[in-house]
Amino acid sequence: MAKKEEPEKAPNHERWLLTYADMITLLLTFFIVLYALSMVDAKKMARLAESLRQAFSVSKASGSTQRLINMDGQVIPMPAPSVVSDESSPAPSPQQEKLKLAETEDALNDYSSKQGLLAELAIEMEEKGLVLRLSEAFLFESGRAEIKPTAIPKLVSIGKLLNKTTNYLRVEGHTDNIPIHSGQYRSNWQLSAERATRLTEALVEIAHVSAERFSAMGYGEHRPLASNATEKGRTKNRRVDIVILKNKYGGTEEDRHED
């Protein structure tokens, strides 16, 4: 017997909904991916890139031993580190420099907090660069320029963080406005300059920060942070600042070095 033909099915006019649903799903996925990419932490990406660069860079070893003389005339030997920063890399872009300084600021704040140094070490971002303010009590005895032995291990740690940058460094000595009464120093100018020089030498010798990156100067009492009318203000003014100079302000240092 011949098969009975089935009646022809009516065409489905709603099949376009499947294509439409697929398109909506793809668009939703696309915008989710765009949103995820926009939420990437730029700081973390920069830190990851820097970590990878350091991991694959060639370390330079040094077998020399440096030494520092403390205030009692004793020699404090400090072994040279096995790794120094690579200064042959090209200068970073302004955006890369900004991220690097922000990373260094975070690291210094974290170190200061963990070591309980919030009263002795202040970190501030200024137009000229990142400023580390070290109090007199942290580094020196009153009226003296010899670095305290207790400050040496902490300066080594600070130096390691400074070595994560390649910017020029300016060390600035400051005092209050009380005239100094010492046979060793004739004025606050001289004391502030000597303190800046001693700190620079310590960072080079015990923390192995490149000497070519440094300049040191003394301002005496002429650039105070607070009023010298009170003891609290004078204490704040007695300090040494380490300035990690932005590249645009380090031009004079670079020009001098190239000559």
# chains A, B, ... in the order shown; residues from 1 in each chain; ligands from 1

call {"tool": "select_by_dssp", "arguments": {"residues": "region 90-246 of chain A", "states": "helix (DSSP H, G or I)", "output": "JSON, numbers by chain"}}
result
{"A": [94, 95, 96, 97, 98, 99, 100, 101, 102, 103, 104, 105, 106, 107, 108, 109, 110, 111, 112, 113, 114, 136, 137, 138, 139, 149, 150, 151, 152, 153, 154, 155, 156, 157, 158, 159, 160, 161, 162, 188, 189, 190, 191, 192, 193, 194, 195, 196, 197, 198, 199, 200, 201, 202, 203, 204, 205, 211, 212, 213, 231, 232, 233, 234, 235, 236, 237]}

call {"tool": "write_last_selection", "arguments": {"atoms": "C-alpha atoms", "output": "tab-separated table (two decimals), in the first residue's frame"}}
result
chain	number	residue	atom	x	y	z
A	94	PRO	CA	56.27	59.91	32.82
A	95	GLN	CA	53.45	57.43	33.41
A	96	GLN	CA	55.88	54.63	34.27
A	97	GLU	CA	57.79	56.98	36.58
A	98	LYS	CA	54.56	57.99	38.33
A	99	LEU	CA	53.64	54.36	38.92
A	100	LYS	CA	57.16	53.56	40.17
A	101	LEU	CA	57.18	56.45	42.63
A	102	ALA	CA	53.73	55.46	43.87
A	103	GLU	CA	54.94	51.89	44.34
A	104	THR	CA	58.00	53.14	46.24
A	105	GLU	CA	55.80	55.38	48.40
A	106	ASP	CA	53.59	52.41	49.28
A	107	ALA	CA	56.63	50.27	50.12
A	108	LEU	CA	58.17	52.97	52.34
A	109	ASN	CA	54.88	53.60	54.15
A	110	ASP	CA	54.49	49.86	54.70
A	111	TYR	CA	58.07	49.60	56.03
A	112	SER	CA	57.62	52.64	58.31
A	113	SER	CA	54.39	51.23	59.73
A	114	LYS	CA	55.79	47.74	60.34
A	136	GLU	CA	67.05	64.27	63.89
A	137	ALA	CA	66.26	61.89	66.75
A	138	PHE	CA	66.23	58.94	64.35
A	139	LEU	CA	69.66	59.70	62.88
A	149	PRO	CA	74.54	52.83	65.21
A	150	THR	CA	70.87	52.00	65.90
A	151	ALA	CA	69.87	53.71	62.63
A	152	ILE	CA	72.24	51.69	60.43
A	153	PRO	CA	70.12	48.54	59.90
A	154	LYS	CA	67.10	50.69	59.07
A	155	LEU	CA	69.12	52.73	56.57
A	156	VAL	CA	70.11	49.48	54.86
A	157	SER	CA	66.42	48.62	54.44
A	158	ILE	CA	65.63	52.12	53.19
A	159	GLY	CA	68.54	51.89	50.76
A	160	LYS	CA	67.14	48.67	49.29
A	161	LEU	CA	63.90	50.49	48.55
A	162	LEU	CA	65.81	53.41	47.02
A	188	ASN	CA	73.58	75.66	61.44
A	189	TRP	CA	74.55	75.86	57.77
A	190	GLN	CA	77.63	73.79	58.46
A	191	LEU	CA	75.83	71.28	60.69
A	192	SER	CA	73.01	70.73	58.17
A	193	ALA	CA	75.46	70.27	55.29
A	194	GLU	CA	77.59	67.84	57.30
A	195	ARG	CA	74.54	65.78	58.27
A	196	ALA	CA	73.39	65.59	54.65
A	197	THR	CA	76.87	64.49	53.61
A	198	ARG	CA	77.13	61.84	56.34
A	199	LEU	CA	73.74	60.37	55.42
A	200	THR	CA	74.71	60.32	51.74
A	201	GLU	CA	77.95	58.50	52.54
A	202	ALA	CA	76.10	55.99	54.71
A	203	LEU	CA	73.57	55.17	51.99
A	204	VAL	CA	76.41	54.66	49.51
A	205	GLU	CA	78.64	52.62	51.82
A	211	ALA	CA	77.02	57.40	44.42
A	212	GLU	CA	76.43	58.89	40.97
A	213	ARG	CA	72.75	59.36	41.80
A	231	GLU	CA	59.68	73.17	70.73
A	232	LYS	CA	57.32	70.95	68.73
A	233	GLY	CA	57.92	73.05	65.64
A	234	ARG	CA	61.68	73.11	66.13
A	235	THR	CA	61.71	69.32	66.54
A	236	LYS	CA	59.88	68.95	63.23
A	237	ASN	CA	62.35	71.26	61.51

call {"tool": "atom_distance", "arguments": {"atom1": "CA of Ile242 (chain A)", "atom2": "CA of Phe214 (chain A)"}}
result
9.7 Å

call {"tool": "residues_around", "arguments": {"residues": "Leu245 (chain A)", "least_positions_apart": "3", "cutoff": "12 Å", "atoms": "only C-alpha atoms", "output": "PDB file with C-alpha atoms, in the first residue's frame"}}
result
ATOM      1  CA  GLU A  97      57.786  56.980  36.583  1.00  0.00           C
ATOM      2  CA  LYS A  98      54.561  57.993  38.333  1.00  0.00           C
ATOM      3  CA  LEU A 101      57.179  56.454  42.629  1.00  0.00           C
ATOM      4  CA  MET A 125      54.732  63.130  47.419  1.00  0.00           C
ATOM      5  CA  GLU A 126      55.619  66.636  46.257  1.00  0.00           C
ATOM      6  CA  GLU A 127      55.944  68.332  42.885  1.00  0.00           C
ATOM      7  CA  LYS A 128      59.717  67.757  42.827  1.00  0.00           C
ATOM      8  CA  GLY A 129      59.399  64.072  43.705  1.00  0.00           C
ATOM      9  CA  LEU A 130      58.960  61.648  46.589  1.00  0.00           C
ATOM     10  CA  VAL A 131      60.332  63.055  49.869  1.00  0.00           C
ATOM     11  CA  LEU A 132      61.501  60.916  52.815  1.00  0.00           C
ATOM     12  CA  LEU A 162      65.810  53.415  47.018  1.00  0.00           C
ATOM     13  CA  THR A 165      64.312  53.339  41.471  1.00  0.00           C
ATOM     14  CA  THR A 166      66.840  54.864  39.075  1.00  0.00           C
ATOM     15  CA  ASN A 167      65.986  58.529  39.731  1.00  0.00           C
ATOM     16  CA  TYR A 168      68.536  60.984  41.029  1.00  0.00           C
ATOM     17  CA  LEU A 169      68.525  61.525  44.802  1.00  0.00           C
ATOM     18  CA  ARG A 170      69.034  64.781  46.681  1.00  0.00           C
ATOM     19  CA  VAL A 171      69.803  64.713  50.406  1.00  0.00           C
ATOM     20  CA  ARG A 213      72.752  59.364  41.797  1.00  0.00           C
ATOM     21  CA  PHE A 214      73.391  61.620  44.821  1.00  0.00           C
ATOM     22  CA  SER A 215      73.765  65.276  45.596  1.00  0.00           C
ATOM     23  CA  ASP A 241      65.170  64.881  53.656  1.00  0.00           C
ATOM     24  CA  ILE A 242      65.917  62.327  50.944  1.00  0.00           C
ATOM     25  CA  LYS A 248      62.230  66.509  34.882  1.00  0.00           C
ATOM     26  CA  TYR A 249      63.845  67.949  38.024  1.00  0.00           C
ATOM     27  CA  GLY A 250      66.946  65.742  37.828  1.00  0.00           C
ATOM     28  CA  GLY A 251      68.156  67.301  34.568  1.00  0.00           C
ATOM     29  CA  THR A 252      70.890  69.381  36.191  1.00  0.00           C
ATOM     30  CA  GLU A 253      72.243  66.276  37.922  1.00  0.00           C
ATOM     31  CA  GLU A 254      72.252  64.378  34.644  1.00  0.00           C
TER      32      GLU A 254
END
